>>> print(open('run_24.cif').read())   # mmCIF, C-alpha atoms
data_work
loop_
_atom_site.label_atom_id
_atom_site.label_comp_id
_atom_site.auth_asym_id
_atom_site.auth_seq_id
_atom_site.Cartn_x
_atom_site.Cartn_y
_atom_site.Cartn_z
CA ASP A 15 0.00 0.00 0.00
CA GLY A 16 1.52 3.36 -1.07
CA LEU A 17 4.23 1.72 -3.24
CA ARG A 18 4.55 3.11 -6.75
CA TRP A 19 6.95 2.51 -9.66
CA VAL A 20 8.90 5.55 -10.87
CA GLY A 21 11.52 4.02 -13.21
CA PRO A 22 13.49 0.87 -14.13
CA GLY A 23 14.39 -0.85 -10.92
CA ILE A 24 13.23 2.05 -8.73
CA TRP A 25 10.18 1.99 -6.46
CA VAL A 26 9.04 4.69 -4.08
CA TRP A 27 7.00 4.12 -0.93
CA GLN A 28 5.49 7.17 0.71
CA ARG A 29 3.45 7.49 3.87
CA ARG A 30 2.56 10.95 5.18
CA SER A 31 5.86 12.85 5.74
CA ILE A 32 8.22 9.87 5.14
CA GLN A 33 9.30 8.95 1.63
CA VAL A 34 11.47 5.83 0.96
CA GLN A 35 13.18 5.14 -2.38
CA VAL A 36 14.07 1.46 -3.02
CA SER A 37 16.44 0.23 -5.75
CA THR A 38 15.79 -3.44 -6.56
CA PRO A 39 19.30 -4.57 -7.72
CA GLY A 40 20.96 -3.85 -4.39
CA LEU A 41 17.79 -3.61 -2.34
CA SER A 42 19.12 -0.35 -0.99
CA ALA A 43 16.73 2.13 0.58
CA VAL A 44 17.10 5.83 1.24
CA ALA A 45 14.57 7.66 3.47
CA PHE A 46 13.71 11.34 3.08
CA VAL A 47 11.82 12.98 5.91
CA LYS A 48 9.81 16.08 4.99
CA PRO A 49 9.82 18.98 7.46
CA ARG A 50 6.81 19.09 9.74
CA CYS A 51 5.20 21.94 11.64
CA ASP A 52 5.97 22.30 15.30
CA SER A 53 3.65 20.86 17.93
CA SER A 54 1.86 24.18 18.39
CA CYS A 55 0.58 24.14 14.79
CA ASN A 56 -2.65 22.23 14.16
CA ARG A 57 -2.15 22.15 10.38
CA ASN A 58 -1.34 18.81 8.73
CA ARG A 59 0.42 20.26 5.70
CA PRO A 60 3.45 22.53 6.03
CA ARG A 61 2.30 24.89 3.24
CA ARG A 62 -0.76 25.77 5.32
CA CYS A 63 1.22 26.46 8.46
CA LYS A 64 1.10 30.05 9.62
CA SER A 65 4.60 29.82 11.09
CA SER A 66 7.23 32.00 9.42
CA GLU A 67 9.79 29.15 9.65
CA HIS A 68 8.47 27.58 6.46
CA GLY A 69 8.29 30.83 4.53
CA SER A 70 4.60 30.61 3.52
CA ALA A 71 1.48 32.04 5.10
CA ALA A 72 -2.04 30.58 5.15
CA PRO A 73 -4.04 31.40 2.01
CA LYS A 74 -6.58 34.20 2.37
CA LYS A 75 -10.24 33.51 1.87
CA ARG A 76 -11.71 34.30 -1.50
CA GLY A 77 -13.41 37.69 -1.65
CA GLN A 78 -12.08 38.77 1.75
CA LYS A 79 -10.55 41.96 0.38
CA ASN A 80 -13.73 42.91 -1.48
CA LYS A 81 -15.89 42.43 1.60
CA GLN A 82 -13.57 44.61 3.65
CA LYS A 83 -13.73 47.36 1.05
CA LYS A 84 -17.54 47.32 0.98
CA LYS A 85 -17.79 47.45 4.75
CA LYS A 86 -15.22 50.20 4.87
CA ALA A 87 -17.27 52.92 3.22
CA GLY A 88 -20.77 51.50 2.59
CA LEU A 89 -20.69 52.76 -0.99
CA VAL A 90 -22.20 51.38 -4.18
CA ARG A 91 -21.48 51.89 -7.85
CA ILE A 92 -23.56 54.63 -9.42
CA ASP A 93 -24.79 52.53 -12.37
CA LYS A 94 -25.96 49.81 -9.98
CA LEU A 95 -27.72 52.33 -7.74
CA LEU A 96 -29.50 53.94 -10.70
CA ALA A 97 -30.70 50.55 -11.92
CA HIS A 98 -31.88 49.61 -8.42
CA ARG A 99 -33.98 52.78 -8.27
CA GLY A 100 -35.70 51.91 -11.53
CA VAL A 101 -34.05 54.51 -13.77
CA GLY A 102 -33.22 51.90 -16.39
CA THR A 103 -31.35 48.71 -17.09
CA ARG A 104 -27.77 48.26 -15.92
CA SER A 105 -26.41 48.93 -19.41
CA ALA A 106 -28.59 52.04 -19.82
CA THR A 107 -27.51 53.49 -16.47
CA PHE A 108 -23.89 52.71 -17.37
CA GLU A 109 -24.23 54.96 -20.41
CA LEU A 110 -25.93 57.71 -18.39
CA ALA A 111 -23.08 57.79 -15.91
CA LYS A 112 -20.51 57.58 -18.68
CA ALA A 113 -22.04 60.67 -20.30
CA ARG A 114 -21.62 62.56 -16.98
CA ARG A 115 -25.32 63.41 -16.84
CA VAL A 116 -25.75 62.34 -13.20
CA CYS A 117 -25.05 64.30 -10.00
CA TRP A 118 -25.49 63.32 -6.38
CA ALA A 119 -25.93 65.15 -3.09
CA ASP A 120 -26.71 64.45 0.55
CA SER A 121 -30.26 65.89 0.41
CA ASP A 122 -33.05 66.45 -2.11
CA ASP A 123 -33.12 70.22 -1.57
CA SER A 124 -29.40 70.73 -2.20
CA THR A 125 -28.29 73.61 -4.41
CA HIS A 126 -26.45 73.21 -7.70
CA GLU A 127 -23.16 74.12 -6.05
CA GLU A 128 -23.60 71.41 -3.38
CA ARG A 129 -24.04 68.62 -5.91
CA THR A 130 -21.19 66.42 -7.12
CA ARG A 131 -21.07 65.39 -10.76
CA ILE A 132 -20.40 61.72 -11.45
CA ALA A 133 -17.12 61.20 -13.32
CA GLY A 134 -17.94 57.73 -14.62
CA PRO A 135 -20.01 54.56 -14.13
CA LYS A 136 -17.47 53.02 -11.75
CA GLU A 137 -17.69 55.87 -9.26
CA LYS A 138 -19.24 54.94 -5.92
CA VAL A 139 -21.71 57.00 -3.89
CA PRO A 140 -23.57 56.50 -0.60
CA LEU A 141 -26.54 54.14 -0.80
CA GLY A 142 -28.97 56.83 0.43
CA ALA A 143 -27.66 59.63 -1.77
CA SER A 144 -30.04 61.95 -3.65
CA LEU A 145 -29.52 61.57 -7.39
CA PHE A 146 -30.12 64.11 -10.14
CA LEU A 147 -30.33 63.44 -13.88
CA ASP A 148 -29.84 66.50 -16.08
CA GLY A 149 -30.60 68.64 -13.02
CA LYS A 150 -33.90 66.88 -12.22
CA LEU A 151 -34.36 64.95 -8.98
CA LEU A 152 -34.74 61.20 -9.51
CA PRO A 153 -37.10 59.04 -7.41
CA GLY A 154 -35.68 57.78 -4.16
CA ALA A 155 -34.82 54.23 -3.26
CA LEU A 156 -37.46 51.59 -3.88
CA PRO A 157 -39.22 50.40 -0.71
CA LEU A 158 -38.10 47.18 0.89
CA LEU A 159 -41.68 45.84 0.89
CA ILE A 160 -45.01 46.87 -0.56
CA ALA A 161 -48.40 45.25 -0.07
CA TYR A 162 -50.81 44.48 -2.89
CA HIS A 163 -54.42 43.30 -2.83
CA LYS A 164 -54.45 40.75 -5.61
CA PRO A 165 -57.82 40.54 -7.33
CA LYS A 166 -59.34 37.38 -8.69
CA PHE A 167 -58.17 36.02 -12.07
CA VAL A 168 -54.70 37.60 -11.98
CA LEU A 169 -51.60 35.43 -12.45
CA SER A 170 -48.91 35.74 -9.78
CA VAL A 171 -46.14 36.02 -12.38
CA MET A 172 -44.43 38.97 -14.03
CA ARG A 173 -45.39 37.74 -17.50
CA ASP A 174 -47.57 34.98 -18.88
CA ASP A 175 -46.31 31.96 -20.76
CA ILE A 176 -46.16 32.54 -24.50
CA ARG A 177 -48.23 29.36 -25.03
CA TRP A 178 -51.25 31.07 -23.44
CA LYS A 179 -50.75 34.44 -25.06
CA ASP A 180 -54.00 34.15 -27.01
CA GLN A 181 -55.97 33.97 -23.72
CA ALA A 182 -54.80 37.48 -22.69
CA ARG A 183 -54.68 36.58 -19.01
CA ARG A 184 -53.81 39.39 -16.61
CA HIS A 185 -50.53 39.17 -14.66
CA LEU A 186 -48.52 41.17 -12.14
CA GLY A 187 -46.28 42.72 -14.79
CA GLN A 188 -49.30 44.73 -15.96
CA VAL A 189 -50.12 46.27 -12.58
CA LEU A 190 -46.67 47.41 -11.39
CA GLU A 191 -45.24 50.85 -12.10
CA PRO A 192 -42.49 50.92 -14.74
CA ARG A 193 -39.85 52.04 -12.23
CA PHE A 194 -40.70 49.06 -10.02
CA LEU A 195 -40.27 46.71 -12.97
CA LYS A 196 -36.93 48.26 -13.89
CA GLY A 197 -35.81 48.23 -10.25
CA GLY A 198 -36.08 44.46 -9.95
CA ILE A 199 -38.98 44.27 -7.51
CA HIS A 200 -40.51 40.79 -7.35
CA PRO A 201 -43.48 39.04 -5.71
CA VAL A 202 -42.97 37.16 -2.45
CA GLY A 203 -44.42 33.79 -3.36
CA ARG A 204 -47.64 33.30 -5.28
CA LEU A 205 -51.38 33.20 -4.96
CA ASP A 206 -53.53 30.96 -7.12
CA TYR A 207 -55.24 32.38 -10.17
CA GLU A 208 -58.61 32.26 -8.38
CA THR A 209 -57.27 33.31 -4.94
CA THR A 210 -57.44 36.92 -3.75
CA GLY A 211 -55.87 38.86 -0.91
CA LEU A 212 -52.49 40.01 0.36
CA LEU A 213 -49.44 39.59 -1.88
CA LEU A 214 -46.12 41.16 -0.91
CA PHE A 215 -43.48 42.57 -3.25
CA SER A 216 -39.84 42.82 -2.20
CA THR A 217 -36.60 44.31 -3.49
CA ASP A 218 -34.42 42.05 -1.33
CA GLY A 219 -33.92 38.44 -2.39
CA LYS A 220 -32.66 37.37 1.04
CA LEU A 221 -35.76 38.78 2.70
CA THR A 222 -37.96 36.94 0.21
CA GLN A 223 -36.23 33.69 1.11
CA GLN A 224 -36.74 34.32 4.82
CA LEU A 225 -40.44 35.07 4.32
CA LEU A 226 -41.03 31.89 2.33
CA HIS A 227 -38.71 29.28 3.82
CA PRO A 228 -40.56 26.74 6.02
CA ARG A 229 -37.78 26.82 8.62
CA ARG A 230 -38.65 30.41 9.50
CA GLY A 231 -42.24 29.40 10.26
CA VAL A 232 -43.73 32.70 9.02
CA GLU A 233 -47.50 32.47 9.45
CA LYS A 234 -49.96 33.07 6.64
CA GLU A 235 -53.62 33.55 7.51
CA TYR A 236 -56.47 32.78 5.11
CA ILE A 237 -60.24 32.87 5.08
CA ALA A 238 -61.86 30.16 2.97
CA THR A 239 -65.48 29.86 1.96
CA VAL A 240 -66.30 26.15 1.86
CA GLU A 241 -69.29 24.01 1.06
CA GLY A 242 -71.23 22.57 3.97
CA ALA A 243 -71.74 23.27 7.67
CA VAL A 244 -68.38 22.83 9.41
CA ASP A 245 -67.94 21.03 12.73
CA GLU A 246 -65.42 23.42 14.30
CA GLY A 247 -64.13 21.06 16.99
CA GLU A 248 -63.64 18.14 14.64
CA LEU A 249 -61.97 20.24 11.95
CA SER A 250 -59.65 21.90 14.48
CA GLN A 251 -58.41 18.52 15.72
CA THR A 252 -57.98 17.17 12.18
CA LEU A 253 -55.95 20.17 11.05
CA ALA A 254 -53.74 20.04 14.16
CA GLU A 255 -52.97 16.34 13.63
CA GLY A 256 -52.19 16.85 9.95
CA VAL A 257 -54.03 16.18 6.71
CA GLU A 258 -52.53 13.87 4.10
CA THR A 259 -52.43 15.18 0.53
CA THR A 260 -50.58 14.25 -2.63
CA GLU A 261 -47.91 16.79 -1.62
CA GLY A 262 -47.46 15.27 1.84
CA ILE A 263 -48.97 15.74 5.30
CA HIS A 264 -49.76 19.35 6.23
CA THR A 265 -50.94 20.91 9.48
CA ALA A 266 -52.85 24.13 10.12
CA GLU A 267 -54.29 26.08 13.02
CA LEU A 268 -58.02 26.76 12.94
CA VAL A 269 -58.87 30.29 14.06
CA LYS A 270 -62.62 30.61 13.61
CA VAL A 271 -65.60 29.16 11.75
CA THR A 272 -68.67 31.22 10.87
CA GLN A 273 -71.65 30.76 8.62
CA SER A 274 -71.17 32.41 5.24
CA ALA A 275 -73.86 34.85 4.18
CA ASP A 276 -72.62 35.49 0.64
CA GLY A 277 -71.39 32.15 -0.62
CA PRO A 278 -69.25 31.92 -3.76
CA SER A 279 -68.62 34.95 -5.95
CA SER A 280 -70.40 35.24 -9.28
CA GLU A 281 -67.38 36.89 -10.95
CA VAL A 282 -66.47 35.32 -14.31
CA ASP A 283 -62.95 34.88 -15.67
CA PRO A 284 -62.62 37.54 -18.41
CA SER A 285 -59.93 35.56 -20.26
CA ARG A 286 -62.27 32.68 -21.02
CA SER A 287 -63.62 32.84 -24.53
CA ASP A 288 -66.70 30.84 -23.53
CA ALA A 289 -67.53 33.13 -20.59
CA SER A 290 -71.18 34.06 -20.61
CA PRO A 291 -73.78 35.11 -18.07
CA GLN A 292 -75.06 32.25 -16.03
CA ASP A 293 -78.38 30.77 -17.04
CA ASP A 294 -81.35 31.27 -14.83
CA GLU A 295 -81.72 27.52 -14.43
CA LYS A 296 -78.95 25.85 -12.43
CA ASP A 297 -77.46 22.47 -13.23
CA ASP A 298 -78.83 19.50 -11.39
CA ASP A 299 -75.44 18.63 -9.87
CA GLU A 300 -74.67 22.19 -8.70
CA TYR A 301 -74.29 22.60 -4.94
CA CYS A 302 -77.16 24.52 -3.34
CA GLY A 303 -76.52 23.89 0.36
CA PRO A 304 -75.06 26.12 3.11
CA TYR A 305 -71.59 27.66 3.04
CA SER A 306 -69.13 28.33 5.88
CA ASP A 307 -66.23 30.74 6.31
CA VAL A 308 -63.13 29.06 7.74
CA ARG A 309 -60.21 31.15 9.04
CA LEU A 310 -56.98 29.22 9.44
CA VAL A 311 -53.22 29.78 9.74
CA VAL A 312 -50.52 27.80 7.93
CA LYS A 313 -46.72 28.02 8.01
CA GLU A 314 -45.97 26.56 4.60
CA GLY A 315 -46.71 27.67 1.07
CA LYS A 316 -47.13 24.51 -1.00
CA HIS A 317 -49.08 24.69 -4.24
CA ARG A 318 -52.82 24.97 -3.49
CA MET A 319 -52.15 23.60 0.01
CA VAL A 320 -55.11 25.26 1.78
CA ARG A 321 -57.51 24.10 -0.90
CA ARG A 322 -56.12 20.56 -0.73
CA ILE A 323 -56.30 20.10 3.03
CA LEU A 324 -59.83 21.50 3.34
CA ALA A 325 -61.06 19.44 0.40
CA ASN A 326 -59.56 16.29 1.96
CA CYS A 327 -61.40 17.15 5.17
CA GLY A 328 -64.67 17.08 3.23
CA TYR A 329 -65.06 20.82 2.71
CA PRO A 330 -64.36 21.91 -0.89
CA VAL A 331 -63.17 25.52 -1.16
CA VAL A 332 -65.15 27.86 -3.42
CA GLU A 333 -63.45 31.15 -2.38
CA LEU A 334 -60.05 31.78 -0.81
CA LYS A 335 -58.48 35.01 0.44
CA ARG A 336 -55.18 35.71 2.22
CA LEU A 337 -55.50 38.14 5.12
CA ARG A 338 -52.03 38.18 6.65
CA HIS A 339 -48.41 37.33 5.87
CA GLY A 340 -46.40 37.34 9.09
CA GLU A 341 -46.99 40.68 10.81
CA ILE A 342 -48.24 42.39 7.64
CA ARG A 343 -52.02 42.49 7.24
CA LEU A 344 -54.28 43.24 4.28
CA ARG A 345 -56.37 45.71 6.31
CA GLU A 346 -58.92 47.65 4.26
CA LEU A 347 -56.83 47.79 1.10
CA PRO A 348 -59.16 47.72 -1.95
CA PRO A 349 -58.63 45.03 -4.61
CA GLY A 350 -56.02 45.96 -7.18
CA GLU A 351 -54.42 48.65 -4.97
CA PHE A 352 -50.93 48.97 -3.40
CA ARG A 353 -49.80 50.41 -0.09
CA ASN A 354 -46.45 51.03 1.56
CA CYS A 355 -45.70 48.98 4.63
CA SER A 356 -45.62 50.80 7.96
CA ASN A 357 -42.44 51.38 9.97
CA GLU A 358 -43.44 48.61 12.39
CA GLU A 359 -43.94 46.18 9.52
CA ILE A 360 -40.58 47.09 7.99
CA GLU A 361 -38.86 46.64 11.36
CA TRP A 362 -40.40 43.17 11.66
CA ALA A 363 -39.21 42.27 8.14
CA GLU A 364 -35.68 43.52 8.88
CA SER A 365 -35.62 41.47 12.07
CA LEU A 366 -35.83 38.36 9.88
CA LEU A 367 -32.53 39.44 8.33
CA GLY A 368 -30.95 40.05 11.70
CA ARG A 369 -30.62 43.79 11.18
#
>>> encode(input="run_24.cif", output="structure tokens")
Amino acid sequence: DGLRWVGPGIWVWQRRSIQVQVSTPGLSAVAFVKPRCDSSCNRNRPRRCKSSEHGSAAPKKRGQKNKQKKKKAGLVRIDKLLAHRGVGTRSATFELAKARRVCWADSDDSTHEERTRIAGPKEKVPLGASLFLDGKLLPGALPLLIAYHKPKFVLSVMRDDIRWKDQARRHLGQVLEPRFLKGGIHPVGRLDYETTGLLLFSTDGKLTQQLLHPRRGVEKEYIATVEGAVDEGELSQTLAEGVETTEGIHTAELVKVTQSADGPSSEVDPSRSDASPQDDEKDDDEYCGPYSDVRLVVKEGKHRMVRRILANCGYPVVELKRLRHGEIRLRELPPGEFRNCSNEEIEWAESLLGR
């Protein structure tokens, strides 16, 4: 073990720091002992030893210098900052800075003499700097989070698949402001095509991951209109023990059950070509019984999970609405409208990032 042939009549056996060369004609052996670190060094290989005796220092971690530079001043490249604020794409903002059309200052009401003209796209400025393009004040930084009341029959994607282009289905890319689209804002998770309620948008990918990852256990509260009269005690126990679905076993916390006065909505999907007013006569197999409103809290976001677990409990969902995502609530926000998150809500979101 460890013996290898290196030439005619010469074999070398090596084990850790000892190397033995054996010549077969005379069966002579010569041992070479490699230098080892002293007993105070916990490194196995001499080249990784931090001791100056061996003339080599431990290798520095990749990107260590860059991280130190960023922490040193807290600055960001001007083309990146312009793109983040929705002025344009990274290449477009690069050209704007290259043409020396951008100035920055510490405040929005600064005079022309107090502003500093950008010398090039690689120049760095403070993250909260006020930016001016051709003397006009540019919009400030995009918010960390915004809340949106998603209406029914809107896709939770920024653009629809080209295969369904002929259906002209509405999507989130049609409701956001252009500067939000250019600034890279994105939805935090999804809501089903038929589901309404609170949908968050974020400009921070790490925050989005924290809000969605099951390990964080961020609560999401829904109200579901289901068919039938619900036994609250039985349903609460079933949800707490877990409901088996095709996606696995999921648990939920039942908050409240009330009798529904409205029942399912009569709104029709506008993208359907066969959409037409309902006939006065109902189908024989159409449900005509009572409806119940079920409020429940889940900590996961699997595809159609709430609909699956309630249907497997014997209560098919006809309407579903999200009321809360963590500490951020829908409140009285009208469908199709946006609102900025409050300072308390932003502080809660930043606490997820450890800020």
>>> closest_residue(input="run_24.cif", among="A:Asp206, A:Asp123, A:Asp180, A:Glu341", to="A:Lys316", atoms="only C-alpha atoms")
A:Asp206
>>> closest_atom_pairs(input="run_24.cif", of="stretch 290-344 of chain A", to="stretch 227-247 of chain A", cutoff="10 Å", atoms="all atoms listed in the file", output="JSON lines")
{"residue": "A:Tyr301", "atom": "CA", "partner": "A:Glu241", "partner_atom": "CA", "distance": 7.9}
{"residue": "A:Cys302", "atom": "CA", "partner": "A:Glu241", "partner_atom": "CA", "distance": 9.0}
{"residue": "A:Gly303", "atom": "CA", "partner": "A:Gly242", "partner_atom": "CA", "distance": 6.5}
{"residue": "A:Pro304", "atom": "CA", "partner": "A:Gly242", "partner_atom": "CA", "distance": 5.3}
{"residue": "A:Tyr305", "atom": "CA", "partner": "A:Glu241", "partner_atom": "CA", "distance": 4.7}
{"residue": "A:Ser306", "atom": "CA", "partner": "A:Val240", "partner_atom": "CA", "distance": 5.4}
{"residue": "A:Asp307", "atom": "CA", "partner": "A:Thr239", "partner_atom": "CA", "distance": 4.5}
{"residue": "A:Val308", "atom": "CA", "partner": "A:Ala238", "partner_atom": "CA", "distance": 5.1}
{"residue": "A:Arg309", "atom": "CA", "partner": "A:Ile237", "partner_atom": "CA", "distance": 4.3}
{"residue": "A:Leu310", "atom": "CA", "partner": "A:Tyr236", "partner_atom": "CA", "distance": 5.6}
{"residue": "A:Val311", "atom": "CA", "partner": "A:Glu235", "partner_atom": "CA", "distance": 4.4}
{"residue": "A:Val312", "atom": "CA", "partner": "A:Lys234", "partner_atom": "CA", "distance": 5.5}
{"residue": "A:Lys313", "atom": "CA", "partner": "A:Glu233", "partner_atom": "CA", "distance": 4.7}
{"residue": "A:Glu314", "atom": "CA", "partner": "A:Pro228", "partner_atom": "CA", "distance": 5.6}
{"residue": "A:Gly315", "atom": "CA", "partner": "A:Pro228", "partner_atom": "CA", "distance": 7.9}
{"residue": "A:Lys316", "atom": "CA", "partner": "A:Pro228", "partner_atom": "CA", "distance": 9.9}
{"residue": "A:Val320", "atom": "CA", "partner": "A:Tyr236", "partner_atom": "CA", "distance": 8.3}
{"residue": "A:Arg321", "atom": "CA", "partner": "A:Ala238", "partner_atom": "CA", "distance": 8.4}
{"residue": "A:Leu324", "atom": "CA", "partner": "A:Val240", "partner_atom": "CA", "distance": 8.1}
{"residue": "A:Ala325", "atom": "CA", "partner": "A:Val240", "partner_atom": "CA", "distance": 8.6}
{"residue": "A:Cys327", "atom": "CA", "partner": "A:Val244", "partner_atom": "CA", "distance": 9.9}
{"residue": "A:Gly328", "atom": "CA", "partner": "A:Gly242", "partner_atom": "CA", "distance": 8.6}
{"residue": "A:Tyr329", "atom": "CA", "partner": "A:Val240", "partner_atom": "CA", "distance": 5.5}
{"residue": "A:Pro330", "atom": "CA", "partner": "A:Val240", "partner_atom": "CA", "distance": 5.4}
{"residue": "A:Val331", "atom": "CA", "partner": "A:Val240", "partner_atom": "CA", "distance": 4.4}
{"residue": "A:Val332", "atom": "CA", "partner": "A:Val240", "partner_atom": "CA", "distance": 5.7}
{"residue": "A:Glu333", "atom": "CA", "partner": "A:Thr239", "partner_atom": "CA", "distance": 5.0}
{"residue": "A:Leu334", "atom": "CA", "partner": "A:Ala238", "partner_atom": "CA", "distance": 4.5}
{"residue": "A:Lys335", "atom": "CA", "partner": "A:Ile237", "partner_atom": "CA", "distance": 5.4}
{"residue": "A:Arg336", "atom": "CA", "partner": "A:Tyr236", "partner_atom": "CA", "distance": 4.3}
{"residue": "A:Leu337", "atom": "CA", "partner": "A:Tyr236", "partner_atom": "CA", "distance": 5.4}
{"residue": "A:Arg338", "atom": "CA", "partner": "A:Glu235", "partner_atom": "CA", "distance": 5.0}
{"residue": "A:His339", "atom": "CA", "partner": "A:Lys234", "partner_atom": "CA", "distance": 4.6}
{"residue": "A:Gly340", "atom": "CA", "partner": "A:Glu233", "partner_atom": "CA", "distance": 5.0}
{"residue": "A:Glu341", "atom": "CA", "partner": "A:Glu233", "partner_atom": "CA", "distance": 8.3}
{"residue": "A:Ile342", "atom": "CA", "partner": "A:Lys234", "partner_atom": "CA", "distance": 9.5}
{"residue": "A:Arg343", "atom": "CA", "partner": "A:Glu235", "partner_atom": "CA", "distance": 9.1}
>>> write_last_selection(input="run_24.cif", atoms="C-alpha atoms", output="mmCIF file, keeping the file's coordinate frame")
data_model
loop_
_atom_site.group_PDB
_atom_site.id
_atom_site.type_symbol
_atom_site.label_atom_id
_atom_site.label_comp_id
_atom_site.auth_asym_id
_atom_site.auth_seq_id
_atom_site.Cartn_x
_atom_site.Cartn_y
_atom_site.Cartn_z
ATOM 1 C CA TYR A 301 -74.290 22.600 -4.940
ATOM 2 C CA CYS A 302 -77.160 24.520 -3.340
ATOM 3 C CA GLY A 303 -76.520 23.890 0.360
ATOM 4 C CA PRO A 304 -75.060 26.120 3.110
ATOM 5 C CA TYR A 305 -71.590 27.660 3.040
ATOM 6 C CA SER A 306 -69.130 28.330 5.880
ATOM 7 C CA ASP A 307 -66.230 30.740 6.310
ATOM 8 C CA VAL A 308 -63.130 29.060 7.740
ATOM 9 C CA ARG A 309 -60.210 31.150 9.040
ATOM 10 C CA LEU A 310 -56.980 29.220 9.440
ATOM 11 C CA VAL A 311 -53.220 29.780 9.740
ATOM 12 C CA VAL A 312 -50.520 27.800 7.930
ATOM 13 C CA LYS A 313 -46.720 28.020 8.010
ATOM 14 C CA GLU A 314 -45.970 26.560 4.600
ATOM 15 C CA GLY A 315 -46.710 27.670 1.070
ATOM 16 C CA LYS A 316 -47.130 24.510 -1.000
ATOM 17 C CA VAL A 320 -55.110 25.260 1.780
ATOM 18 C CA ARG A 321 -57.510 24.100 -0.900
ATOM 19 C CA LEU A 324 -59.830 21.500 3.340
ATOM 20 C CA ALA A 325 -61.060 19.440 0.400
ATOM 21 C CA CYS A 327 -61.400 17.150 5.170
ATOM 22 C CA GLY A 328 -64.670 17.080 3.230
ATOM 23 C CA TYR A 329 -65.060 20.820 2.710
ATOM 24 C CA PRO A 330 -64.360 21.910 -0.890
ATOM 25 C CA VAL A 331 -63.170 25.520 -1.160
ATOM 26 C CA VAL A 332 -65.150 27.860 -3.420
ATOM 27 C CA GLU A 333 -63.450 31.150 -2.380
ATOM 28 C CA LEU A 334 -60.050 31.780 -0.810
ATOM 29 C CA LYS A 335 -58.480 35.010 0.440
ATOM 30 C CA ARG A 336 -55.180 35.710 2.220
ATOM 31 C CA LEU A 337 -55.500 38.140 5.120
ATOM 32 C CA ARG A 338 -52.030 38.180 6.650
ATOM 33 C CA HIS A 339 -48.410 37.330 5.870
ATOM 34 C CA GLY A 340 -46.400 37.340 9.090
ATOM 35 C CA GLU A 341 -46.990 40.680 10.810
ATOM 36 C CA ILE A 342 -48.240 42.390 7.640
ATOM 37 C CA ARG A 343 -52.020 42.490 7.240
#
>>> atom_distance(input="run_24.cif", atom1="atom CA of A:Thr272", atom2="atom CA of A:Tyr207")
25.0 Å
>>> atom_distance(input="run_24.cif", atom1="atom CA of A:Ala266", atom2="atom CA of A:Leu249")
10.1 Å
>>> atom_distance(input="run_24.cif", atom1="atom CA of A:Arg183", atom2="atom CA of A:Val171")
10.8 Å
>>> closest_residue(input="run_24.cif", among="A:Arg286, A:Ser105, A:Val90, A:Glu261", to="A:Trp178", atoms="all atoms listed in the file")
A:Arg286
>>> residues_around(input="run_24.cif", residues="A:Arg115", least_positions_apart="4", cutoff="8 Å", atoms="all atoms listed in the file", output="list in words")
Leu110, Ala111, Arg131, Ile132, Leu147 and Asp148 of chain A
>>> residues_near_point(input="run_24.cif", point="(-36.9, 44.8, -8.4)", cutoff="9 Å", atoms="all atoms listed in the file", output="JSON, numbers by chain")
{"A": [98, 99, 100, 156, 193, 194, 195, 196, 197, 198, 199, 200, 215, 216, 217, 218]}
>>> resolve_selection(input="run_24.cif", expression="the PyMOL selection byres ((chain A and resi 268) around 6)", output="PyMOL selection string")
chain A and resi 250+267+269+310
>>> closest_residue(input="run_24.cif", among="A:Glu255, A:Leu152, A:Glu248, A:Asp283", to="A:Val271", atoms="all atoms listed in the file")
A:Glu248
>>> closest_residue(input="run_24.cif", among="A:Arg91, A:Lys150, A:Lys164, A:Arg104", to="A:Pro135", atoms="all atoms listed in the file")
A:Arg91
>>> residues_around(input="run_24.cif", residues="A:Asp174", least_positions_apart="2", cutoff="12 Å", atoms="all atoms listed in the file", output="number ranges by chain")
A: 168-172, 176-188, 207
>>> resolve_selection(input="run_24.cif", expression="the PyMOL selection byres ((chain A and resi 140) around 7)", output="PyMOL selection string")
chain A and resi 88-90+139+141-143
